[in-house]
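These notes concern the structure reproduced below.
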Amino acid sequence: MKSFKISIPKTLNLLIYSLPLVFILGNFLVNIVVLIFSIIGIIHYKKEVFIFDKYNPLSLIIIFFILILFSTSIEYLTGNIGTNNLIKSFVFLRYLVFLMVLRCMIINNDLDLKKTLLVSFIFSSFVACDVIFQYFVGVDIFGNKPVGGVFFTGVFGDEAVAGGYIQKFSIIGFFSLILLISNKNKKFTFITYIFLITCFFAILLSNNRIPTIMFCIFLFALGLFL
C-alpha cells in the first residue's frame, strides 16, 4: 500500500505530461485524462483538494465557475437554453477540480515542473515544424493537406486549430528554456530566437487570427520583461 501511494504522484505527473499529445488526439481523450487525473487526485489528497485559504487566487476562479453556473441556470429557467446546455455547464466543473488537484501537487512539491514544461516545448516545436513543412511541401509528415488551401493545420487534419495549440503550448514550453538553460548562456539566446520565430511563423501560416494576436502580445510582454 505504501509503494502504491508513492507512485500516485508519478501517475499524476504522467497524466500531465500526456496533455500536449492528448490535445492533438482529440477532445474526447482530453476529457478522459482530466477525469482520471481529478479522480486519482481526490483519492490521493482527499480533503486537502477542497481546503484552501480564502485569499488564495483559486478563489477568483471558483467565483468564475459559480457565475457560469448561475447565469446558465437563469437562462435555463427563463427558457432561453435547453437541458443539454445546463448539463454542459455543470460538467465544465471538471476543469475546476483539475485545477484544485494541480494546486495540491504544486503545494506538496509533487509536480515535476521541468518535465511538464519540456514536454510542452517538444510538442509545440513539433506541431510548428509540421505546419511549416506542410506549407512548403503541400502535405504534412502524416500526409494531411491544408484545409481549403488556406488553413495549414498540420497534425490536426481537418481541424483548423493548429495556431491555437502552438500559441498555448509554446508559451508554456518557452519557460522550460529558462529552467534548463542559463539566460547568460549563448545557447539560451540562440534557441529562444529559433523557437519563437518558428512558432510565430507557424501560427501565421495556420491562419488562426486570435492565436496570432495573442502570441504577438506575449512577444511584446516578453520583450518588456527581458
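Please note that chains go A, B, ... in the order of the C-alpha cells, that every chain numbers its residues from 1, and that ligands are numbered from 1 in the order shown.
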Practice problem: Write out as a list in words each polymer residue whose atoms come within 7 Å of Leu118 in chain A, counting only C-alpha atoms; drop sequence neighbours fewer than 3 positions from it. | Solution: Lys114, Lys115, Phe121, Ile122, Gly173 and Ser176 of chain A
What's around Ser73 in chain A at 9 Å? Count only C-alpha atoms, leave out sequence neighbours fewer than 5 positions away in its own chain, and write the answer as an mmCIF file with C-alpha atoms, in the first residue's frame.
data_model
loop_
_atom_site.group_PDB
_atom_site.id
_atom_site.type_symbol
_atom_site.label_atom_id
_atom_site.label_comp_id
_atom_site.auth_asym_id
_atom_site.auth_seq_id
_atom_site.Cartn_x
_atom_site.Cartn_y
_atom_site.Cartn_z
ATOM 1 C CA ILE A 68 -21.179 30.428 -15.160
ATOM 2 C CA THR A 78 -36.251 31.507 -18.457
ATOM 3 C CA LEU A 86 -27.334 23.282 -18.459
ATOM 4 C CA SER A 89 -22.169 23.960 -17.592
#
With the cut-off set at 7 Å and counting only C-alpha atoms, tabulate each residue of range 89-182 of chain A with an atom at most that distance from an atom of range 17-33 of chain A, showing the nearest atom pair and its distance in Å to one decimal, ordered by chain and increasing number, as a Markdown table.
| residue | atom | partner | partner_atom | distance |
| --- | --- | --- | --- | --- |
| A:Thr116 | CA | A:Tyr17 | CA | 5.6 |
| A:Val119 | CA | A:Tyr17 | CA | 6.3 |
| A:Ser120 | CA | A:Pro20 | CA | 6.1 |
| A:Phe123 | CA | A:Pro20 | CA | 6.4 |
| A:Phe156 | CA | A:Ile24 | CA | 6.5 |
Grab the residues selected above and save them as a PDB file, in the first residue's frame with N, CA, C and O atoms.
ATOM      1  N   THR A 116       7.285  18.904 -17.216  1.00  0.00           N
ATOM      2  CA  THR A 116       5.999  19.388 -17.741  1.00  0.00           C
ATOM      3  C   THR A 116       6.224  20.453 -18.801  1.00  0.00           C
ATOM      4  O   THR A 116       5.623  20.421 -19.886  1.00  0.00           O
ATOM      5  N   VAL A 119       7.996  18.944 -22.041  1.00  0.00           N
ATOM      6  CA  VAL A 119       7.073  18.222 -22.927  1.00  0.00           C
ATOM      7  C   VAL A 119       6.293  19.210 -23.789  1.00  0.00           C
ATOM      8  O   VAL A 119       6.091  18.990 -24.990  1.00  0.00           O
ATOM      9  N   SER A 120       5.845  20.315 -23.186  1.00  0.00           N
ATOM     10  CA  SER A 120       5.129  21.351 -23.941  1.00  0.00           C
ATOM     11  C   SER A 120       6.033  21.957 -25.007  1.00  0.00           C
ATOM     12  O   SER A 120       5.591  22.235 -26.128  1.00  0.00           O
ATOM     13  N   PHE A 123       6.414  19.295 -27.969  1.00  0.00           N
ATOM     14  CA  PHE A 123       5.230  19.115 -28.803  1.00  0.00           C
ATOM     15  C   PHE A 123       4.866  20.374 -29.581  1.00  0.00           C
ATOM     16  O   PHE A 123       4.442  20.289 -30.740  1.00  0.00           O
ATOM     17  N   PHE A 156      -3.396  18.207 -37.180  1.00  0.00           N
ATOM     18  CA  PHE A 156      -4.809  18.280 -36.812  1.00  0.00           C
ATOM     19  C   PHE A 156      -5.749  17.969 -37.976  1.00  0.00           C
ATOM     20  O   PHE A 156      -6.964  17.968 -37.807  1.00  0.00           O
TER      21      PHE A 156
END
Practice problem: With a distance cut-off of 10 Å and only C-alpha atoms, select the neighbouring residues of Leu102 in chain A, excluding the residue or stretch itself and same-chain residues fewer than 3 positions from it, and output the selection as a PyMOL selection string. | Solution: chain A and resi 12-13+16+37-38+41+49+96-99+105-108+110-111
Would you write out those residues with all heavy atoms, as a tab-separated table (two decimals), in the first residue's frame?
chain	number	residue	atom	x	y	z
A	12	LEU	N	0.11	10.95	-11.61
A	12	LEU	CA	-0.47	12.27	-11.89
A	12	LEU	C	0.44	13.07	-12.82
A	12	LEU	O	-0.04	13.75	-13.74
A	12	LEU	CB	-0.69	13.03	-10.58
A	12	LEU	CG	-1.77	12.46	-9.64
A	12	LEU	CD1	-1.78	13.23	-8.32
A	12	LEU	CD2	-3.14	12.52	-10.30
A	13	ASN	N	1.74	12.98	-12.61
A	13	ASN	CA	2.69	13.67	-13.48
A	13	ASN	C	2.63	13.12	-14.91
A	13	ASN	O	2.68	13.89	-15.87
A	13	ASN	CB	4.11	13.55	-12.94
A	13	ASN	CG	4.45	14.64	-11.94
A	13	ASN	OD1	4.56	15.81	-12.28
A	13	ASN	ND2	4.61	14.25	-10.69
A	16	ILE	N	-0.22	14.60	-16.65
A	16	ILE	CA	0.07	15.98	-17.03
A	16	ILE	C	0.95	16.00	-18.27
A	16	ILE	O	0.73	16.79	-19.21
A	16	ILE	CB	0.76	16.73	-15.87
A	16	ILE	CG1	-0.21	16.94	-14.70
A	16	ILE	CG2	1.28	18.08	-16.36
A	16	ILE	CD1	-1.33	17.90	-14.98
A	37	PHE	N	-7.37	12.12	-13.97
A	37	PHE	CA	-6.47	12.93	-13.15
A	37	PHE	C	-7.20	13.45	-11.91
A	37	PHE	O	-6.65	13.40	-10.78
A	37	PHE	CB	-5.95	14.10	-13.99
A	37	PHE	CG	-5.06	15.06	-13.24
A	37	PHE	CD1	-3.70	14.82	-13.12
A	37	PHE	CD2	-5.59	16.20	-12.64
A	37	PHE	CE1	-2.87	15.71	-12.44
A	37	PHE	CE2	-4.77	17.09	-11.96
A	37	PHE	CZ	-3.41	16.84	-11.86
A	38	SER	N	-8.41	13.94	-12.09
A	38	SER	CA	-9.18	14.51	-10.98
A	38	SER	C	-9.56	13.44	-9.96
A	38	SER	O	-9.44	13.66	-8.74
A	38	SER	CB	-10.45	15.19	-11.52
A	38	SER	OG	-10.12	16.22	-12.43
A	41	GLY	N	-6.46	12.27	-8.11
A	41	GLY	CA	-6.02	13.36	-7.23
A	41	GLY	C	-6.86	13.47	-5.98
A	41	GLY	O	-6.34	13.66	-4.88
A	49	VAL	N	-7.76	18.79	-1.22
A	49	VAL	CA	-8.16	19.34	-2.51
A	49	VAL	C	-9.16	20.49	-2.35
A	49	VAL	O	-9.12	21.47	-3.09
A	49	VAL	CB	-8.77	18.24	-3.40
A	49	VAL	CG1	-9.31	18.82	-4.71
A	49	VAL	CG2	-7.74	17.16	-3.69
A	96	LEU	N	-12.39	22.79	-12.97
A	96	LEU	CA	-12.13	23.39	-11.67
A	96	LEU	C	-11.48	22.37	-10.75
A	96	LEU	O	-10.50	22.68	-10.04
A	96	LEU	CB	-13.43	23.90	-11.05
A	96	LEU	CG	-13.34	24.45	-9.62
A	96	LEU	CD1	-12.36	25.61	-9.55
A	96	LEU	CD2	-14.71	24.87	-9.12
A	97	VAL	N	-12.02	21.16	-10.73
A	97	VAL	CA	-11.44	20.09	-9.92
A	97	VAL	C	-10.01	19.79	-10.38
A	97	VAL	O	-9.11	19.57	-9.57
A	97	VAL	CB	-12.31	18.81	-9.99
A	97	VAL	CG1	-11.69	17.69	-9.17
A	97	VAL	CG2	-13.72	19.10	-9.51
A	98	PHE	N	-9.81	19.81	-11.69
A	98	PHE	CA	-8.47	19.60	-12.25
A	98	PHE	C	-7.48	20.63	-11.69
A	98	PHE	O	-6.39	20.28	-11.25
A	98	PHE	CB	-8.54	19.70	-13.77
A	98	PHE	CG	-7.20	19.62	-14.46
A	98	PHE	CD1	-6.64	18.38	-14.78
A	98	PHE	CD2	-6.50	20.76	-14.78
A	98	PHE	CE1	-5.41	18.30	-15.40
A	98	PHE	CE2	-5.27	20.70	-15.41
A	98	PHE	CZ	-4.72	19.47	-15.72
A	99	LEU	N	-7.88	21.88	-11.66
A	99	LEU	CA	-7.02	22.94	-11.15
A	99	LEU	C	-6.77	22.78	-9.65
A	99	LEU	O	-5.67	23.05	-9.16
A	99	LEU	CB	-7.66	24.31	-11.42
A	99	LEU	CG	-7.68	24.77	-12.88
A	99	LEU	CD1	-8.46	26.06	-13.01
A	99	LEU	CD2	-6.26	24.95	-13.41
A	105	MET	N	-0.77	19.39	-6.00
A	105	MET	CA	0.52	18.85	-6.46
A	105	MET	C	1.62	19.89	-6.28
A	105	MET	O	2.73	19.55	-5.84
A	105	MET	CB	0.42	18.44	-7.93
A	105	MET	CG	-0.42	17.22	-8.20
A	105	MET	SD	-0.35	16.73	-9.95
A	105	MET	CE	1.36	16.19	-10.10
A	106	ILE	N	1.32	21.13	-6.62
A	106	ILE	CA	2.32	22.20	-6.51
A	106	ILE	C	2.67	22.45	-5.04
A	106	ILE	O	3.85	22.58	-4.69
A	106	ILE	CB	1.79	23.49	-7.16
A	106	ILE	CG1	1.61	23.28	-8.66
A	106	ILE	CG2	2.74	24.66	-6.89
A	106	ILE	CD1	0.92	24.42	-9.37
A	107	ILE	N	1.66	22.51	-4.18
A	107	ILE	CA	1.88	22.76	-2.76
A	107	ILE	C	2.73	21.67	-2.13
A	107	ILE	O	3.61	21.93	-1.29
A	107	ILE	CB	0.53	22.88	-2.01
A	107	ILE	CG1	-0.20	24.16	-2.43
A	107	ILE	CG2	0.74	22.87	-0.50
A	107	ILE	CD1	-1.59	24.29	-1.84
A	108	ASN	N	2.49	20.42	-2.53
A	108	ASN	CA	3.21	19.28	-1.96
A	108	ASN	C	4.50	18.95	-2.73
A	108	ASN	O	5.11	17.90	-2.48
A	108	ASN	CB	2.30	18.05	-1.94
A	108	ASN	CG	1.16	18.19	-0.94
A	108	ASN	OD1	1.33	17.95	0.24
A	108	ASN	ND2	-0.01	18.59	-1.42
A	110	ASP	N	4.86	17.87	-5.65
A	110	ASP	CA	4.72	16.62	-6.39
A	110	ASP	C	4.80	16.84	-7.90
A	110	ASP	O	5.00	15.89	-8.65
A	110	ASP	CB	3.37	15.95	-6.06
A	110	ASP	CG	3.33	15.42	-4.64
A	110	ASP	OD1	4.40	15.11	-4.10
A	110	ASP	OD2	2.22	15.32	-4.06
A	111	LEU	N	4.63	18.09	-8.33
A	111	LEU	CA	4.65	18.37	-9.77
A	111	LEU	C	6.08	18.55	-10.26
A	111	LEU	O	6.83	19.38	-9.73
A	111	LEU	CB	3.85	19.64	-10.07
A	111	LEU	CG	3.80	20.08	-11.54
A	111	LEU	CD1	3.06	19.03	-12.38
A	111	LEU	CD2	3.14	21.44	-11.68
Quiz item: Hey, what's within 9 Å of Tyr76 in chain A if we count only C-alpha atoms and toss same-chain stuff fewer than 6 positions away? As a ChimeraX atom specification, please?
Solution: /A:82-83,85-86
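Atom pair CA of Gly154 in chain A / CA of Cys129 in chain A has a distance of 8.7 Å (rounded to one decimal).
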Exercise. Give the helix (DSSP H, G or I) residues of range 10-220 of chain A, as assigned by DSSP on the backbone, as a PyMOL selection string.
Key: chain A and resi 10-25+27-50+58-77+83-91+94-107+113-137+154-156+162-180+186-206+209-220
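Neighbouring residues of Pro57 in chain A at 12 Å or closer, counting only C-alpha atoms and skipping chain neighbours under 6 positions away, are Ile63, Phe64, Leu99, Met100 and Arg103 of chain A.
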Since we have the selection now, will you write its residues out, keeping N, CA and C atoms, as a tab-separated table (two decimals), in the first residue's frame?
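So again_17.tsv came out as:
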chain	number	residue	atom	x	y	z
A	63	ILE	N	-15.16	31.67	-8.18
A	63	ILE	CA	-16.22	32.66	-8.42
A	63	ILE	C	-16.62	32.67	-9.89
A	64	PHE	N	-15.62	32.54	-10.77
A	64	PHE	CA	-15.89	32.50	-12.21
A	64	PHE	C	-16.79	31.32	-12.55
A	99	LEU	N	-7.88	21.88	-11.66
A	99	LEU	CA	-7.02	22.94	-11.15
A	99	LEU	C	-6.77	22.78	-9.65
A	100	MET	N	-7.79	22.33	-8.92
A	100	MET	CA	-7.65	22.16	-7.48
A	100	MET	C	-6.66	21.03	-7.16
A	103	ARG	N	-3.19	22.26	-7.98
A	103	ARG	CA	-2.73	23.14	-6.89
A	103	ARG	C	-2.13	22.32	-5.75
Exercise. Tell me, as number ranges by chain, which residues lie within 6 Å of Ser124 in chain A, counting only C-alpha atoms; anything in the same chain fewer than 5 positions away does not count.
Key: A: 166, 169-170
For N, CA and C atoms, I'd like the residues from the last selection saved as an mmCIF file, in the first residue's frame.
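File result-v8.cif, as written:
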data_model
loop_
_atom_site.group_PDB
_atom_site.id
_atom_site.type_symbol
_atom_site.label_atom_id
_atom_site.label_comp_id
_atom_site.auth_asym_id
_atom_site.auth_seq_id
_atom_site.Cartn_x
_atom_site.Cartn_y
_atom_site.Cartn_z
ATOM 1 N N ILE A 166 -0.329 25.772 -30.915
ATOM 2 C CA ILE A 166 1.054 26.249 -30.850
ATOM 3 C C ILE A 166 1.164 27.438 -29.908
ATOM 4 N N PHE A 169 0.791 26.098 -26.051
ATOM 5 C CA PHE A 169 1.836 25.224 -25.533
ATOM 6 C C PHE A 169 3.245 25.790 -25.755
ATOM 7 N N SER A 170 3.414 26.666 -26.738
ATOM 8 C CA SER A 170 4.740 27.274 -26.922
ATOM 9 C C SER A 170 5.044 28.262 -25.802
#
